[in-house]
$ cat protein.tsv   # TSV, C-alpha atoms and all ligand atoms
chain	number	residue	atom	x	y	z
A	70	MET	CA	79.32	67.47	91.74
A	71	ALA	CA	79.68	70.83	93.46
A	72	ASN	CA	78.72	74.29	92.24
A	73	ILE	CA	81.85	76.29	92.98
A	74	LEU	CA	81.67	80.07	92.71
A	75	ILE	CA	84.83	82.08	92.08
A	76	PHE	CA	84.62	85.81	92.66
A	77	ASP	CA	87.01	88.65	91.81
A	78	SER	CA	86.91	92.24	90.58
A	79	GLY	CA	88.34	91.08	87.26
A	80	MET	CA	90.28	88.26	85.67
A	81	GLY	CA	92.67	87.58	88.55
A	82	GLY	CA	90.48	84.76	89.82
A	83	LEU	CA	91.54	82.78	86.76
A	84	SER	CA	94.89	82.11	88.45
A	85	VAL	CA	92.93	80.47	91.29
A	86	TYR	CA	90.52	78.71	88.92
A	87	ARG	CA	93.47	77.10	87.12
A	88	GLU	CA	94.61	75.52	90.39
A	89	LEU	CA	91.06	74.53	91.36
A	90	SER	CA	90.22	72.89	88.05
A	91	LYS	CA	93.52	70.97	88.14
A	92	ARG	CA	92.83	69.62	91.62
A	93	ILE	CA	89.04	69.34	91.47
A	94	PRO	CA	87.99	68.82	87.83
A	95	ALA	CA	84.50	67.84	86.67
A	96	GLN	CA	82.66	70.32	88.88
A	97	GLN	CA	80.31	73.12	87.88
A	98	TYR	CA	82.33	76.33	88.10
A	99	LEU	CA	80.72	79.76	88.16
A	100	TYR	CA	82.86	82.88	87.83
A	101	LEU	CA	81.57	86.31	88.80
A	102	PHE	CA	83.70	89.39	88.17
A	103	ASP	CA	82.69	92.84	89.33
A	104	ASN	CA	83.98	94.88	86.43
A	105	ALA	CA	81.56	97.73	87.27
A	106	TYR	CA	83.67	98.45	90.39
A	107	PHE	CA	87.09	97.39	89.06
A	108	PRO	CA	89.76	97.97	90.35
A	109	TYR	CA	89.00	97.03	93.95
A	110	GLY	CA	92.47	98.06	95.08
A	111	GLU	CA	91.49	101.72	94.73
A	112	LEU	CA	88.18	101.52	96.65
A	113	SER	CA	87.79	102.77	100.22
A	114	GLU	CA	87.08	100.04	102.77
A	115	PRO	CA	83.46	101.17	103.48
A	116	ARG	CA	82.60	101.22	99.75
A	117	LEU	CA	84.27	97.87	99.18
A	118	VAL	CA	82.46	96.07	101.97
A	119	ALA	CA	79.07	97.58	101.06
A	120	ARG	CA	79.45	96.63	97.41
A	121	VAL	CA	80.79	93.12	97.88
A	122	VAL	CA	78.25	92.16	100.54
A	123	GLU	CA	75.30	93.40	98.45
A	124	LEU	CA	76.47	91.89	95.18
A	125	PHE	CA	77.62	88.60	96.62
A	126	SER	CA	74.62	87.92	98.83
A	127	THR	CA	72.20	88.68	96.01
A	128	PHE	CA	74.11	86.44	93.62
A	129	VAL	CA	74.30	83.52	96.03
A	130	LYS	CA	70.56	83.78	96.78
A	131	GLN	CA	69.70	83.58	93.09
A	132	HIS	CA	72.09	80.80	92.05
A	133	SER	CA	72.83	77.39	93.37
A	134	VAL	CA	76.25	77.71	95.04
A	135	ASP	CA	77.77	75.05	97.32
A	136	ILE	CA	81.04	76.77	98.08
A	137	ALA	CA	82.42	80.21	97.27
A	138	VAL	CA	85.98	81.37	96.76
A	139	ILE	CA	86.71	85.06	97.15
A	140	ALA	CA	89.61	84.95	94.70
A	141	CYS	CA	90.65	88.47	95.55
A	142	ASN	CA	93.12	89.46	98.27
A	143	THR	CA	91.85	93.03	98.29
A	144	ALA	CA	88.33	91.90	99.20
A	145	SER	CA	89.28	88.93	101.39
A	146	THR	CA	91.53	91.00	103.65
A	147	TYR	CA	88.56	93.18	104.56
A	148	VAL	CA	85.10	91.81	103.78
A	149	LEU	CA	85.20	88.14	104.84
A	150	PRO	CA	83.71	88.62	108.33
A	151	ALA	CA	80.79	90.66	106.93
A	152	LEU	CA	80.17	88.11	104.16
A	153	ARG	CA	80.26	85.15	106.51
A	154	ALA	CA	77.78	86.89	108.79
A	155	GLN	CA	75.32	87.10	105.85
A	156	LEU	CA	75.71	83.69	104.24
A	157	SER	CA	75.67	80.12	105.46
A	158	ILE	CA	77.66	78.47	102.63
A	159	PRO	CA	81.39	77.90	103.17
A	160	ILE	CA	83.41	80.87	101.93
A	161	VAL	CA	87.12	80.49	101.26
A	162	GLY	CA	89.15	83.69	101.13
A	163	VAL	CA	92.48	84.34	99.44
A	164	VAL	CA	95.00	86.30	101.51
A	165	PRO	CA	98.71	87.00	100.93
A	166	ALA	CA	100.91	83.94	101.49
A	167	ILE	CA	103.14	85.64	104.07
A	168	LYS	CA	103.61	82.50	106.18
A	169	PRO	CA	105.04	80.15	103.49
A	170	ALA	CA	107.12	83.00	102.06
A	171	ALA	CA	108.67	83.78	105.44
A	172	GLU	CA	109.41	80.08	105.99
A	173	TYR	CA	111.03	79.76	102.57
A	174	SER	CA	113.10	82.90	103.04
A	175	ARG	CA	114.30	81.83	106.52
A	176	GLN	CA	115.32	78.42	105.17
A	177	HIS	CA	117.35	79.98	102.39
A	178	GLN	CA	119.00	82.84	104.24
A	179	THR	CA	122.76	83.16	104.57
A	180	LEU	CA	124.94	85.31	106.80
A	181	ALA	CA	125.55	87.65	103.90
A	182	LYS	CA	121.87	87.76	102.93
A	183	PRO	CA	119.38	87.57	105.81
A	184	ALA	CA	115.76	86.60	105.20
A	185	HIS	CA	113.80	89.26	103.33
A	186	ILE	CA	110.39	88.92	101.72
A	187	GLY	CA	108.51	91.27	99.44
A	188	LEU	CA	104.74	91.67	99.25
A	189	LEU	CA	103.45	92.71	95.86
A	190	ALA	CA	99.73	93.55	96.13
A	191	THR	CA	97.15	96.24	95.44
A	192	PRO	CA	97.28	99.56	97.33
A	193	GLY	CA	94.20	98.38	99.26
A	194	THR	CA	95.77	95.11	100.42
A	195	ILE	CA	99.03	96.82	101.41
A	196	SER	CA	97.16	99.26	103.66
A	197	ARG	CA	94.96	96.72	105.47
A	198	ARG	CA	95.21	96.10	109.17
A	199	TYR	CA	94.73	92.39	108.37
A	200	THR	CA	97.92	92.43	106.27
A	201	ALA	CA	99.87	94.10	109.08
A	202	GLU	CA	98.62	91.38	111.43
A	203	LEU	CA	99.72	88.63	109.02
A	204	VAL	CA	103.21	90.12	108.96
A	205	GLN	CA	103.22	90.48	112.74
A	206	SER	CA	102.14	86.86	113.21
A	207	PHE	CA	104.29	85.11	110.62
A	208	ALA	CA	107.25	87.35	109.80
A	209	PRO	CA	107.96	89.52	112.84
A	210	ASP	CA	111.65	88.61	112.78
A	211	ILE	CA	112.48	89.27	109.12
A	212	GLN	CA	112.55	92.19	106.74
A	213	VAL	CA	109.28	92.68	104.83
A	214	SER	CA	109.09	95.18	101.95
A	215	MET	CA	105.76	96.10	100.40
A	216	LEU	CA	104.80	97.48	97.02
A	217	GLY	CA	101.22	98.40	96.14
A	218	THR	CA	100.31	98.75	92.47
A	219	THR	CA	97.18	98.88	90.35
A	220	GLU	CA	99.18	99.21	87.16
A	221	LEU	CA	100.21	95.58	87.35
A	222	VAL	CA	96.57	94.53	87.78
A	223	LYS	CA	95.75	96.26	84.51
A	224	MET	CA	98.84	94.80	82.82
A	225	ALA	CA	97.67	91.29	83.73
A	226	GLU	CA	94.23	91.95	82.22
A	227	ASP	CA	95.81	93.38	79.06
A	228	LYS	CA	98.02	90.33	78.75
A	229	LEU	CA	94.99	88.03	78.83
A	230	ALA	CA	93.33	90.27	76.25
A	231	GLY	CA	96.28	89.46	73.97
A	232	LEU	CA	98.28	92.68	74.36
A	233	PRO	CA	102.05	92.45	74.81
A	234	VAL	CA	103.41	93.07	78.32
A	235	ASP	CA	105.59	96.17	78.55
A	236	ILE	CA	108.65	94.59	80.18
A	237	LYS	CA	110.48	97.91	80.36
A	238	ARG	CA	107.64	99.42	82.40
A	239	LEU	CA	107.39	96.31	84.56
A	240	LYS	CA	111.12	96.58	85.31
A	241	GLN	CA	110.62	100.21	86.37
A	242	ILE	CA	107.80	99.26	88.75
A	243	LEU	CA	109.85	96.43	90.27
A	244	ALA	CA	113.11	98.44	90.30
A	245	PRO	CA	113.10	98.97	94.10
A	246	TRP	CA	113.50	95.20	94.43
A	247	SER	CA	116.12	94.45	91.80
A	248	GLY	CA	119.74	93.80	92.76
A	249	ASN	CA	121.27	92.29	95.83
A	250	ARG	CA	119.38	94.33	98.39
A	251	GLY	CA	115.94	93.21	97.23
A	252	PRO	CA	113.88	90.39	98.74
A	253	ASP	CA	114.78	86.77	97.97
A	254	THR	CA	111.11	85.69	98.14
A	255	LEU	CA	108.13	87.51	96.71
A	256	VAL	CA	104.50	87.07	97.74
A	257	LEU	CA	102.15	87.61	94.81
A	258	GLY	CA	99.43	89.07	97.03
A	259	CYS	CA	96.95	89.79	94.26
A	260	THR	CA	95.36	87.04	92.20
A	261	HIS	CA	96.11	88.97	89.02
A	262	PHE	CA	99.86	88.70	89.55
A	263	PRO	CA	100.43	84.96	89.00
A	264	LEU	CA	99.12	85.67	85.49
A	265	LEU	CA	102.31	87.76	85.05
A	266	ALA	CA	104.64	85.32	86.83
A	267	THR	CA	106.79	84.69	83.75
A	268	GLU	CA	107.34	88.40	83.18
A	269	ILE	CA	107.94	89.15	86.88
A	270	ASN	CA	110.52	86.36	86.94
A	271	GLN	CA	112.13	87.84	83.87
A	272	CYS	CA	112.56	91.15	85.76
A	273	LEU	CA	113.58	89.59	89.10
A	274	PRO	CA	115.26	86.29	88.14
A	275	GLN	CA	116.86	85.78	91.56
A	276	VAL	CA	113.54	85.87	93.43
A	277	LYS	CA	111.29	82.95	94.42
A	278	LEU	CA	107.60	83.73	93.69
A	279	ILE	CA	104.89	82.44	96.02
A	280	ASP	CA	101.13	82.71	95.60
A	281	SER	CA	98.09	81.24	97.35
A	282	GLY	CA	96.40	79.41	94.43
A	283	ALA	CA	97.45	75.82	95.19
A	284	ALA	CA	96.72	76.22	98.93
A	285	ILE	CA	93.22	77.49	98.11
A	286	ALA	CA	92.58	74.48	95.87
A	287	ARG	CA	93.69	72.16	98.69
A	288	ARG	CA	91.37	73.95	101.13
A	289	VAL	CA	88.35	73.73	98.81
A	290	SER	CA	88.94	70.06	98.08
A	291	TYR	CA	89.25	69.40	101.84
A	292	LEU	CA	85.94	71.18	102.53
A	293	LEU	CA	84.17	69.24	99.80
A	294	LEU	CA	85.21	65.98	101.46
A	295	GLN	CA	83.71	66.91	104.83
A	296	PRO	CA	80.66	64.88	105.94
A	297	ALA	CA	78.64	68.09	106.33
A	298	CYS	CA	79.04	68.69	102.62
A	299	THR	CA	76.35	66.49	101.06
A	300	LEU	CA	76.97	66.75	97.37
A	301	SER	CA	75.93	64.37	94.66
A	302	GLN	CA	78.76	62.03	93.71
A	303	GLU	CA	77.92	62.54	90.08
A	304	LEU	CA	80.64	64.42	88.20
A	305	ALA	CA	80.04	67.11	85.63
A	306	PRO	CA	80.43	65.74	82.09
A	307	GLU	CA	83.94	66.19	80.74
A	308	GLY	CA	84.40	69.58	79.14
A	309	LYS	CA	81.29	71.06	80.80
A	310	ALA	CA	81.53	74.79	80.41
A	311	GLY	CA	81.88	77.09	83.38
A	312	LEU	CA	79.32	79.87	83.75
A	313	LEU	CA	80.61	83.42	83.46
A	314	PHE	CA	79.06	86.57	84.94
A	315	CYS	CA	80.15	90.21	84.85
A	316	THR	CA	78.39	93.18	86.47
A	317	GLU	CA	78.52	95.59	83.56
A	318	LEU	CA	78.21	94.72	79.92
A	319	THR	CA	81.01	96.64	78.24
A	320	LYS	CA	83.11	96.16	75.14
A	321	LYS	CA	86.01	95.23	77.39
A	322	ALA	CA	83.89	92.61	79.20
A	323	LEU	CA	83.05	90.99	75.86
A	324	GLN	CA	86.77	90.92	75.03
A	325	GLN	CA	87.49	89.43	78.44
A	326	ALA	CA	84.86	86.77	77.81
A	327	ARG	CA	86.93	85.56	74.88
A	328	ALA	CA	89.89	84.92	77.19
A	329	PHE	CA	87.59	83.13	79.65
A	330	LYS	CA	86.27	81.00	76.81
A	331	LYS	CA	89.77	79.66	76.22
A	332	GLU	CA	89.79	78.54	79.87
A	333	GLY	CA	86.48	76.69	79.50
A	334	PHE	CA	83.84	79.32	80.35
A	335	SER	CA	80.85	79.73	78.07
A	336	GLU	CA	78.56	82.67	77.37
A	337	LEU	CA	78.86	85.94	79.27
A	338	ASN	CA	75.94	86.81	81.57
A	339	CYS	CA	75.44	90.20	83.11
A	340	PHE	CA	74.49	90.13	86.76
A	341	GLU	CA	73.73	93.32	88.60
A	342	PRO	CA	71.87	93.19	91.92
A	343	ASN	CA	69.29	95.61	90.53
A	344	LEU	CA	69.47	94.84	86.88
A	345	ASN	CA	69.72	91.26	85.79
A	346	LYS	CA	70.06	90.46	82.13
A	347	LEU	CA	71.60	87.86	79.92
A	348	LEU	CA	73.56	88.34	76.77
A	349	LYS	CA	74.95	85.64	74.60
A	350	GLU	CA	78.33	86.41	73.15
A	351	GLN	CA	78.05	86.63	69.40
A	401	LIG	N1	92.58	90.43	91.99
A	401	LIG	C1	92.40	91.27	93.10
A	401	LIG	C2	93.25	90.89	94.30
A	401	LIG	O1	93.63	89.76	94.45
A	401	LIG	C3	92.39	92.76	92.98
A	401	LIG	C4	92.49	93.54	91.76
A	401	LIG	C5	91.83	94.93	91.87
A	401	LIG	O2	92.46	95.87	92.34
A	401	LIG	O3	90.66	94.99	91.50
A	401	LIG	O4	93.54	91.69	95.14
$ encode --input "protein.tsv" --output "structure tokens" --more "lines below"
Ligand code: DGL
Amino acid sequence: MANILIFDSGMGGLSVYRELSKRIPAQQYLYLFDNAYFPYGELSEPRLVARVVELFSTFVKQHSVDIAVIACNTASTYVLPALRAQLSIPIVGVVPAIKPAAEYSRQHQTLAKPAHIGLLATPGTISRRYTAELVQSFAPDIQVSMLGTTELVKMAEDKLAGLPVDIKRLKQILAPWSGNRGPDTLVLGCTHFPLLATEINQCLPQVKLIDSGAAIARRVSYLLLQPACTLSQELAPEGKAGLLFCTELTKKALQQARAFKKEGFSELNCFEPNLNKLLKEQ
């Protein structure tokens, strides 16, 4: 059994967890979300790297973690090198799936409609040099349109909290991509967005959606099978609850914990590098 840590600013990592738990069930999952600094997409790069490195390194030192997944494109596209320099456990990052999207779009292009992909991500991810390099490496020959939005991140969290999704507003946000001139393939470059896939599809029915979740699950399961990874062969008992941690105990976090509970996570713990307390959800 492996202790697998999933990390995000909020609930987006659940889209990755769903793929992981399908492919690698019966493990001990830990989920840490940094709600005190949410949303990451609005943070400057120096603040983001300082925060994530401090929080993450402290957490990993205090808990038993075999492998960590940074289930956040906004963080992965900037902080991975700094994190890997601090920690010796394997760290898997989630970055926008530009390569498979470009391949799909090229395969489906016609003379009338040349390949065109869209990248839907946070403002932070859109502005990264890393993202520009991904496009340069894997889609230099095709049209790439980008849209950065934090509103959709919040919509995804509201949806999980049980609120209805405002389809009219979603249509407005995605309006630049509707119709014949929009992309044929859309990269969901924020882990929150697969949680809204049904609604995004409703607004852009002609578009193929691509995210990184399944590829991340394949990567983690590959790493766990490596000889260097000496884990006990014992599996976690069926239905073993995942452990949930936030960084600020708020009313919203307690509401979020209810949504996590439905996905198999138990009590909500509060973890702050300087202030470490535990609260059982009533
Ligand atoms: N879920 C995160 C991502 O994949 C970011 C959301 C945020 O802005 O905090 O980029």
$ residues_near_ligand --input "protein.tsv" --ligand "ligand LIG 401 (chain A)" --cutoff "6 Å" --atoms "only C-alpha atoms and all ligand atoms" --output "list of chain:residue names"
A:Asp77, A:Ser78, A:Gly81, A:Phe107, A:Pro108, A:Tyr109, A:Gly110, A:Cys141, A:Asn142, A:Thr143, A:Thr191, A:Thr219, A:Val222, A:Cys259, A:Thr260, A:His261
$ closest_residue --input "protein.tsv" --among "A:Lys320, A:Arg153, A:Arg238, A:Arg175" --to "Thr254 of chain A" --atoms "only C-alpha atoms"
A:Arg175
$ closest_residue --input "protein.tsv" --among "A:Leu292, A:Ala208, A:Leu273, A:Ala105" --to "Trp246 of chain A" --atoms "only C-alpha atoms"
A:Leu273
$ atom_distance --input "protein.tsv" --atom1 "atom CA of Val276 of chain A" --atom2 "atom CA of Asp253 of chain A"
4.8 Å
$ closest_residue --input "protein.tsv" --among "A:Leu203, A:Cys315, A:Tyr147, A:Ala326" --to "Phe102 of chain A" --atoms "all atoms listed in the file"
A:Cys315
$ atom_distance --input "protein.tsv" --atom1 "atom CA of Pro296 of chain A" --atom2 "atom CA of Ser90 of chain A"
21.8 Å
$ closest_residue --input "protein.tsv" --among "A:Met224, A:Ala151, A:Leu264, A:Val118" --to "Gly282 of chain A" --atoms "only C-alpha atoms"
A:Leu264
$ residues_around --input "protein.tsv" --residues "Phe128 of chain A" --least-positions-apart "4" --cutoff "8 Å" --atoms "all atoms listed in the file" --output "JSON list (two decimals) with C-alpha atoms, in the coordinates of the input"
[["chain", "number", "residue", "atom", "x", "y", "z"],
["A", 124, "LEU", "CA", 76.47, 91.89, 95.18],
["A", 132, "HIS", "CA", 72.09, 80.80, 92.05],
["A", 340, "PHE", "CA", 74.49, 90.13, 86.76],
["A", 342, "PRO", "CA", 71.87, 93.19, 91.92]]
$ atom_distance --input "protein.tsv" --atom1 "atom CA of Lys309 of chain A" --atom2 "atom CA of Val164 of chain A"
29.1 Å
$ closest_residue --input "protein.tsv" --among "A:Glu268, A:Glu226, A:Glu111, A:Glu341" --to "Gly82 of chain A" --atoms "only C-alpha atoms"
A:Glu226
$ closest_residue --input "protein.tsv" --among "A:Ala225, A:Ile279, A:Ile73, A:Leu99" --to "Ser335 of chain A" --atoms "only C-alpha atoms"
A:Leu99
$ residues_around --input "protein.tsv" --residues "Ala230 of chain A" --least-positions-apart "6" --cutoff "9 Å" --atoms "all atoms listed in the file" --output "list in words"
Lys321, Gln324, Gln325, Arg327 and Ala328 of chain A
